[in-house]
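Peer 1: The following file, structure14.cif, comprises mmCIF, C-alpha atoms:
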data_work
loop_
_atom_site.label_atom_id
_atom_site.label_comp_id
_atom_site.auth_asym_id
_atom_site.auth_seq_id
_atom_site.Cartn_x
_atom_site.Cartn_y
_atom_site.Cartn_z
CA MET A 368 0.00 0.00 0.00
CA PRO A 369 1.29 3.48 -0.78
CA GLN A 370 2.30 5.78 2.05
CA SER A 371 0.49 9.04 2.64
CA CYS A 372 2.63 12.11 2.02
CA CYS A 373 1.55 14.04 5.09
CA ASN A 374 1.50 11.77 8.12
CA ASP A 375 3.18 8.49 7.14
CA SER A 376 -0.01 6.55 7.79
CA VAL A 377 -1.08 3.91 5.31
CA HIS A 378 -3.70 5.13 2.89
CA PHE A 379 -6.38 2.54 2.18
CA ASN A 380 -7.56 2.92 -1.40
CA PRO A 381 -10.92 1.17 -1.72
CA TYR A 382 -12.04 -0.26 -5.01
CA GLY A 383 -14.41 2.68 -5.42
CA GLY A 384 -11.34 4.84 -6.00
CA SER A 385 -11.82 8.42 -7.04
CA GLY A 386 -15.42 7.80 -8.16
CA ALA A 387 -16.38 7.11 -4.54
CA GLN A 388 -14.32 10.11 -3.36
CA VAL A 389 -16.10 12.41 -5.82
CA ALA A 390 -19.42 10.93 -4.64
CA ALA A 391 -18.55 11.81 -1.02
CA ALA A 392 -17.49 15.35 -1.97
CA VAL A 393 -20.59 16.03 -4.08
CA ALA A 394 -22.83 14.52 -1.38
CA THR A 395 -21.28 16.87 1.17
CA LEU A 396 -21.69 19.90 -1.13
CA ALA A 397 -25.34 19.03 -1.63
CA GLU A 398 -25.92 18.51 2.09
CA ARG A 399 -24.43 21.90 2.91
CA GLY A 400 -26.39 23.65 0.15
CA GLY A 401 -25.64 26.91 -1.62
CA ALA A 402 -22.84 25.68 -3.90
CA ASP A 403 -22.47 27.33 -7.29
CA ALA A 404 -21.16 25.94 -10.59
CA ALA A 405 -17.57 27.01 -9.86
CA GLU A 406 -17.60 25.21 -6.50
CA VAL A 407 -19.07 22.05 -8.03
CA LEU A 408 -16.37 22.10 -10.73
CA ALA A 409 -13.56 22.75 -8.25
CA THR A 410 -14.78 19.96 -5.97
CA ALA A 411 -15.00 17.42 -8.79
CA ILE A 412 -11.52 18.30 -10.04
CA ALA A 413 -10.00 18.29 -6.54
CA HIS A 414 -11.23 14.74 -6.01
CA GLY A 415 -9.99 13.29 -9.29
CA MET A 416 -12.66 13.90 -11.90
CA ALA A 417 -11.59 15.42 -15.23
CA LEU A 418 -14.09 18.17 -16.05
CA SER A 419 -13.44 21.42 -17.88
CA ARG A 420 -16.65 23.27 -17.10
CA VAL A 421 -19.94 23.10 -15.19
CA GLU A 422 -22.81 25.43 -16.09
CA ASP A 423 -25.30 26.72 -13.50
CA GLY A 424 -28.12 24.38 -14.62
CA GLU A 425 -25.75 21.41 -14.58
CA ALA A 426 -24.58 22.34 -11.09
CA ALA A 427 -28.18 22.32 -9.86
CA GLU A 428 -28.70 18.85 -11.34
CA ILE A 429 -25.42 17.60 -9.86
CA LEU A 430 -26.38 18.93 -6.41
CA ALA A 431 -29.78 17.20 -6.66
CA TRP A 432 -27.84 14.02 -7.49
CA GLY A 433 -25.58 14.76 -4.53
CA ARG A 434 -28.56 14.58 -2.18
CA ARG A 435 -29.23 11.08 -3.49
CA LEU A 436 -25.57 10.21 -3.02
CA HIS A 437 -25.68 11.49 0.56
CA ALA A 438 -28.54 9.10 1.30
CA VAL A 439 -26.21 6.19 0.41
CA PHE A 440 -23.52 7.39 2.84
CA ALA A 441 -26.10 7.93 5.61
CA ALA A 442 -27.98 4.66 5.11
CA PRO A 443 -27.38 1.54 7.18
CA GLU A 444 -25.03 -0.88 5.44
CA GLY A 445 -27.88 -3.29 4.59
CA LYS A 446 -29.79 -0.67 2.59
CA ARG A 447 -26.88 0.66 0.52
CA VAL A 448 -27.07 -1.96 -2.23
CA ASP A 449 -30.66 -1.00 -3.12
CA LEU A 450 -29.84 2.72 -3.07
CA VAL A 451 -26.78 2.26 -5.29
CA ASN A 452 -28.77 0.06 -7.67
CA ASP A 453 -31.29 2.91 -7.97
CA LEU A 454 -28.42 5.27 -8.80
CA LEU A 455 -27.04 2.86 -11.39
CA THR A 456 -30.43 2.70 -13.08
CA VAL A 457 -30.36 6.46 -13.59
CA ALA A 458 -26.66 6.60 -14.38
CA THR A 459 -26.70 4.18 -17.30
CA CYS A 460 -23.02 3.32 -16.78
CA ARG A 461 -21.16 1.83 -19.69
CA PRO A 462 -17.67 1.20 -18.32
CA TYR A 463 -14.77 0.86 -20.71
CA ILE A 464 -11.00 1.06 -20.44
CA ALA A 465 -9.51 4.25 -21.82
CA ARG A 466 -5.96 5.25 -22.71
CA HIS A 467 -5.35 8.92 -23.40
CA ASP A 468 -3.12 11.87 -22.57
CA GLY A 469 -0.22 9.59 -21.64
CA LYS A 470 -2.15 8.05 -18.76
CA ALA A 471 -2.11 4.36 -17.89
CA PRO A 472 -5.23 2.40 -18.89
CA HIS A 473 -8.11 3.36 -16.61
CA LEU A 474 -11.87 3.00 -16.41
CA HIS A 475 -14.31 5.49 -17.85
CA TYR A 476 -17.94 5.07 -16.88
CA ALA A 477 -19.53 7.20 -19.60
CA SER A 478 -18.50 8.12 -23.13
CA GLU A 479 -16.19 11.08 -23.69
CA ASP A 480 -18.94 13.00 -25.48
CA ALA A 481 -21.47 12.53 -22.64
CA GLY A 482 -22.64 15.66 -20.87
CA VAL A 483 -21.28 16.78 -17.51
CA VAL A 484 -24.33 15.60 -15.55
CA GLU A 485 -24.36 12.20 -17.26
CA ARG A 486 -20.64 11.77 -16.61
CA MET A 487 -21.10 12.75 -12.94
CA HIS A 488 -23.95 10.26 -12.55
CA ALA A 489 -21.97 7.43 -14.12
CA TYR A 490 -18.68 8.18 -12.36
CA THR A 491 -20.10 8.49 -8.85
CA ALA A 492 -22.59 5.62 -9.16
CA GLY A 493 -19.88 3.37 -10.60
CA GLY A 494 -17.45 4.30 -7.83
CA LEU A 495 -20.05 3.65 -5.13
CA ALA A 496 -21.02 0.35 -6.76
CA HIS A 497 -17.42 -0.88 -6.55
CA LEU A 498 -17.13 0.23 -2.95
CA VAL A 499 -20.47 -1.22 -1.80
CA CYS A 500 -19.55 -4.57 -3.35
CA GLU A 501 -16.01 -4.70 -1.95
CA GLU A 502 -16.03 -2.67 1.30
CA PRO A 503 -19.57 -1.54 2.20
CA GLY A 504 -18.61 -0.51 5.72
CA ARG A 505 -16.20 2.12 4.38
CA LEU A 506 -18.96 4.67 3.68
CA GLY A 507 -20.07 7.07 6.38
CA VAL A 508 -21.36 10.43 7.51
CA CYS A 509 -19.59 12.32 10.27
CA ALA A 510 -20.93 11.39 13.71
CA ARG A 511 -20.79 15.02 14.90
CA GLU A 512 -24.43 16.10 14.75
CA GLU A 513 -23.86 19.51 13.19
CA CYS A 514 -21.44 18.30 10.52
CA GLY A 515 -23.05 16.05 7.88
CA VAL A 516 -19.85 15.48 5.84
CA ALA A 517 -19.96 12.25 3.82
CA PHE A 518 -16.70 10.31 3.63
CA VAL A 519 -15.03 7.18 2.39
CA ASP A 520 -13.19 5.62 5.32
CA THR A 521 -9.58 5.25 4.25
CA SER A 522 -8.30 4.36 7.72
CA ARG A 523 -6.37 1.16 8.29
CA ASN A 524 -8.98 -0.45 10.54
CA GLY A 525 -12.11 0.89 8.81
CA ARG A 526 -13.77 2.16 11.97
CA ARG A 527 -13.81 5.87 11.32
CA ARG A 528 -16.74 7.82 12.83
CA PHE A 529 -15.79 11.40 12.07
CA CYS A 530 -14.90 13.22 8.87
CA SER A 531 -11.78 14.69 10.46
CA THR A 532 -9.70 14.74 13.60
CA ARG A 533 -11.14 18.18 14.30
CA CYS A 534 -14.73 16.90 14.45
CA GLY A 535 -13.70 13.93 16.60
CA THR A 536 -11.87 16.21 19.00
CA ARG A 537 -14.83 18.58 19.28
CA VAL A 538 -17.14 15.71 20.22
CA ASN A 539 -14.65 14.21 22.66
CA VAL A 540 -14.01 17.56 24.37
CA ALA A 541 -17.76 18.23 24.65
CA ASP A 542 -18.29 14.76 26.13
CA HIS A 543 -15.44 15.31 28.59
CA ARG A 544 -16.86 18.66 29.69
CA ALA A 545 -20.31 17.15 30.14
CA ARG A 546 -18.85 14.40 32.34
CA GLN A 547 -17.00 17.01 34.42
CA LEU A 548 -20.24 18.90 35.06
CA THR A 549 -22.05 15.81 36.28
CA ALA A 550 -19.18 14.59 38.44
#
Output the file's structure as structure tokens, nothing else.

Peer 2:
Amino acid sequence: MPQSCCNDSVHFNPYGGSGAQVAAAVATLAERGGADAAEVLATAIAHGMALSRVEDGEAAEILAWGRRLHAVFAAPEGKRVDLVNDLLTVATCRPYIARHDGKAPHLHYASEDAGVVERMHAYTAGGLAHLVCEEPGRLGVCAREECGVAFVDTSRNGRRRFCSTRCGTRVNVADHRARQLTA
């Protein structure tokens, strides 16, 4: 397994790969609301999706899709298969192996000439399908009530509850303070 560049911890790369990571990021954007086309584009690119533009109408459709994606992350493990199958029905994925721009062979889930929304549907549904089949417990929503961030658990043991150390610390400090008040 490759080493992480920032903290020397092992980075677990689930079979969902960047498709699942984009799904988590778009689900979080949708949950937070108020994202514009530029933010949707920047989020997709930052998490590994090759897009050159997103128009306002497309961003609205992608955010509506993101709310459906968020439901997968928030659902109990036993319900995720049905939710992802519903996404795949809409996404009409047609995976194929592509070689371009000097890159190693890799999967594409929609044709190159597909629209942005169709590509987003296919890429995120395909990524979640791989992850739900291989590591269904690796999907989650931050356990801090006010947060709502969807994530793919890349920890070594797969028992992550929070989207970040910061959220975990906030909950632990609040719990500690509550115990001190009752003691």

Peer 1: So what does the PyMOL selection byres ((chain A and resi 420) around 12) actually pick up in this one, as a PyMOL selection string?

Peer 2: chain A and resi 404-412+416-419+421-426+482-484

Peer 1: Looking at only C-alpha atoms, which of A:Glu485, A:Asp480, A:Glu513, A:Glu502 is the one that sits closest to Gly525 in chain A?

Peer 2: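 With only C-alpha atoms as the atom set, the closest residue is A:Glu502.
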
Peer 1: I'd like the interatomic distance between CA of Leu495 in chain A and CA of Arg466 in chain A, to a tenth of an Å.

Peer 2: 22.6 Å

Peer 1: Identify which of the residues A:Ala397, A:Ala471, A:Met487, A:Ala387 lies closest to Gly507 in chain A, counting all atoms listed in the file when measuring atom-to-atom distances.

Peer 2: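 Looking only at the distances to Gly507 in chain A, the closest residue turns out to be A:Ala387.
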
Peer 1: Report, in Å with one decimal, the straight-line distance from CA of Thr456 in chain A to CA of Gly433 in chain A.

Peer 2: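 One can read the CA of Thr456 in chain A to CA of Gly433 in chain A distance as 15.6 Å.
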
Peer 1: In Å, with one decimal, what is the gap from CA of Val448 in chain A to CA of Val499 in chain A?

Peer 2: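 We find that CA of Val448 in chain A and CA of Val499 in chain A lie 6.7 Å from each other.
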
Peer 1: Between A:Pro443, A:Gly415, A:Pro472, A:Gly400, which is the closest to Thr491 in chain A once you count all atoms listed in the file?

Peer 2: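 Of A:Pro443, A:Gly415, A:Pro472, A:Gly400, the one nearest Thr491 in chain A, counting all atoms listed in the file, is A:Gly415.
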
Peer 1: Between A:Gly445, A:Gly494, A:Gly535, A:Gly384, which residue has the minimum interatomic distance to Ala510 in chain A, considering only C-alpha atoms?

Peer 2: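 Looking at the shortest contact to Ala510 in chain A, the residue is A:Gly535.
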
Peer 1: If we count all atoms listed in the file, what is near Leu498 in chain A at a cut-off of 10 Å, once residues fewer than 4 positions away on the same chain are taken out, given as a ChimeraX atom specification?

Peer 2: /A:381-384,386-387,492-494,502-506,519

Peer 1: Could you write those residues out with C-alpha atoms, as an mmCIF file, in the coordinates of the input?

Peer 2:
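Result written to selection_25.cif:
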data_model
loop_
_atom_site.group_PDB
_atom_site.id
_atom_site.type_symbol
_atom_site.label_atom_id
_atom_site.label_comp_id
_atom_site.auth_asym_id
_atom_site.auth_seq_id
_atom_site.Cartn_x
_atom_site.Cartn_y
_atom_site.Cartn_z
ATOM 1 C CA PRO A 381 -10.920 1.170 -1.720
ATOM 2 C CA TYR A 382 -12.040 -0.260 -5.010
ATOM 3 C CA GLY A 383 -14.410 2.680 -5.420
ATOM 4 C CA GLY A 384 -11.340 4.840 -6.000
ATOM 5 C CA GLY A 386 -15.420 7.800 -8.160
ATOM 6 C CA ALA A 387 -16.380 7.110 -4.540
ATOM 7 C CA ALA A 492 -22.590 5.620 -9.160
ATOM 8 C CA GLY A 493 -19.880 3.370 -10.600
ATOM 9 C CA GLY A 494 -17.450 4.300 -7.830
ATOM 10 C CA GLU A 502 -16.030 -2.670 1.300
ATOM 11 C CA PRO A 503 -19.570 -1.540 2.200
ATOM 12 C CA GLY A 504 -18.610 -0.510 5.720
ATOM 13 C CA ARG A 505 -16.200 2.120 4.380
ATOM 14 C CA LEU A 506 -18.960 4.670 3.680
ATOM 15 C CA VAL A 519 -15.030 7.180 2.390
#

Peer 1: Could you check which of A:Cys514, A:Cys460, A:Cys500, A:Leu454 is closest to Arg399 in chain A, using all atoms listed in the file?

Peer 2: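 Nearest candidate to Arg399 in chain A out of A:Cys514, A:Cys460, A:Cys500, A:Leu454: A:Cys514.
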
Peer 1: Excluding His473 in chain A and its own-chain neighbours fewer than 4 positions away, which residues fall within 10 Å of it when counting only C-alpha atoms? Please give them as a ChimeraX atom specification.

Peer 2: /A:462-467
